[in-house]
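Working notes for the structure below.
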Amino acid sequence: MGWYNKRLAKSIWVFHVSVSPCNNCDIEILDLLTPKYDIERFGIKLVGSIRHADVLLVSGVINQKVAPKLKQIYSQAARPIFVVGVGTCPASGCCFKDSYNVVKKRDDIIPFDLIIPGCPPKPEAMIEGVAKLMGVLNA
Amino acid sequence: MKPELLFYLLVFPGFLFTAILGLTVGWIDRKVSARFQYRVGPPFLQNFNDFFKLLGKETLIVKEGAASIFIAAPFIAFAMLVLVSAIIGTALFFGISFGGDIIVVMYLLMLFSVMVILGGSASGNVYSSLGAGREIKLLLADELVFILVLLIPIIKSGYQLDLQKIIAYQEANGMMVSSVSGIIGFIFALLCIQAKMTLPPFHIPEAETEIVEGPFIEYSGPPLGFWKLNHFMMFVVFPFMLILLFWGGFNFEGIGILWSVLKYLLIVVLMIIIKNTNPRIRIDTALNFFWKYATPISLIAVILSVFGF
């Protein structure tokens, strides 16, 4: 499996799902595609369909209304799939954590493999997070 | 069956050669596109990594829709392209052809589009069937022009349907593209190829921003990998066909090798430039363009070629 994991690490296709976000993280994620950061250097590209994806990128706070949809999207993905949370919201719930409609424990919905905290995280931080994922795959 | 036929089909002008060259040229496509946007672009082996990664992923089959057609379509389309590349490649590299192979090529290329339509409509997804419908419209738009344009080299070489005889005619009388009808034919052939490969400005069936990937939205794992491979193999098949029909084939003596490689790269870069400098047009604009403008002009080119211009 080592050979295959190395191929997977070099070609990570990302499907981005925003579960009730404030859009700051989404803007920062799109910054990764701009000439300054150009994440295609590492073979990463955004795809439009969850069936094509290797990474499910979750941004925003997971509340009761979107939790079933998120679960459905995760179940539609082709394995292997990694779930990456971007921002403080998937990490801790941010300032919404005591709200009545927020899911208390995110791992009840889908298992997260990697969390990139920050509100929003800098593009450099996201690249570092992805590099860590690649490091796990290459090991 | 003779063993060298299997070699032609599976190794040299056929599967292995076309796939490896196609994936490499796919890297040139992505790299040049990235440089157009002041980006760095992917590493050299990116398309190989993508393909091998997709081979190892899970294949999901949708509950609604016809699973057998859904799975079979990419592989049949792949077989079509291997056949076309073997037919064109043997004529280009070894000078072997049979009478009427240009008709077989036309037929197989059309069947490729039919496979895209079948695969798209078999998945039961709304976006996927929308993409398949758009593919039908695009096929209706470009097929007539494509056939008219292919008629020009046939007529100019003295009504020869044999690829080898078209090359022989061009070796004796100069390239097709040096005549008036040849230039018109070449330009419209290039545009038709842009439409057949669904490259911008004709990427209407798989418009990423509206219907995500069109017919390919539900594909995952190896079938998706083969769709991607098919796309990159067309980067070899279509330029080779243009070189064969309009630019006088390849020459492998001395400096001729350099000239042959330059011919191929020139066509590929021309396609990439058209791809990167044009936005997506609507389906009615595409139909308008092909039926109102391209068809009459290529018909005039066919008439000109009958009179020898």
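Labeling convention for the structure tokens: chains A, B, ... as they appear, residues from 1 per chain, ligands from 1 in order of appearance.
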**DSSP-assigned alpha helix (DSSP H) among region 11-211 of chain B, expressed as number ranges by chain** = B: 15-36, 46-55, 67-89, 101-121, 126-156, 163-173, 180-196, 208-211
**Request:** Write out as number ranges by chain each polymer residue whose atoms come within 8 Å of region 80-92 of chain B, counting only C-alpha atoms; drop sequence neighbours fewer than 5 positions from it.
**Result:** B: 8-10, 13-15, 18, 97, 101, 105, 108-109, 111-112, 163-164, 230, 233-234, 236-237, 240-241, 244, 249-250
Just to be explicit: take each residue in the selection above, keep C-alpha atoms, and write the result as a compact mmCIF listing (two decimals), in the first residue's frame.
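Produced file out_21.txt, reproduced below:
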```
# COMPACT_ATOMS: atom_id res chain seq x y z
CA TYR B 8 0.20 -2.20 -33.17
CA LEU B 9 -2.98 -2.23 -31.14
CA LEU B 10 -1.52 -2.56 -27.65
CA PRO B 13 0.78 3.41 -32.10
CA GLY B 14 -2.01 1.98 -30.00
CA PHE B 15 -2.66 1.84 -26.28
CA THR B 18 -0.96 6.96 -26.94
CA SER B 97 -3.75 1.22 -44.08
CA ASP B 101 -10.25 3.64 -42.98
CA VAL B 105 -12.21 6.70 -37.95
CA LEU B 108 -15.49 5.41 -34.12
CA LEU B 109 -15.04 9.02 -33.08
CA LEU B 111 -19.33 6.40 -31.25
CA PHE B 112 -17.05 7.88 -28.61
CA LEU B 163 -5.13 7.34 -45.24
CA GLN B 164 -1.88 6.08 -46.75
CA ASN B 230 -9.68 9.07 -22.71
CA MET B 233 -5.56 10.23 -25.33
CA MET B 234 -7.59 12.56 -27.52
CA VAL B 236 -2.76 12.53 -29.26
CA VAL B 237 -5.42 11.17 -31.60
CA PHE B 240 -2.15 13.22 -35.29
CA MET B 241 -5.25 13.13 -37.46
CA LEU B 244 -2.06 13.27 -41.35
CA GLY B 249 2.21 13.32 -42.14
CA PHE B 250 5.50 12.67 -40.32
```
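With distances taken over only C-alpha atoms, B:Glu58 is the one residue among B:Asp29, B:Glu58, B:Asp142, B:Asp284 lying closest to chain A.
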**Request:** Could you please select, counting only C-alpha atoms, the residues of chain A within 9 Å of chain B and state them as a PyMOL selection string?
**Result:** chain A and resi 4-8+10-12+33-44+47-54+76-80
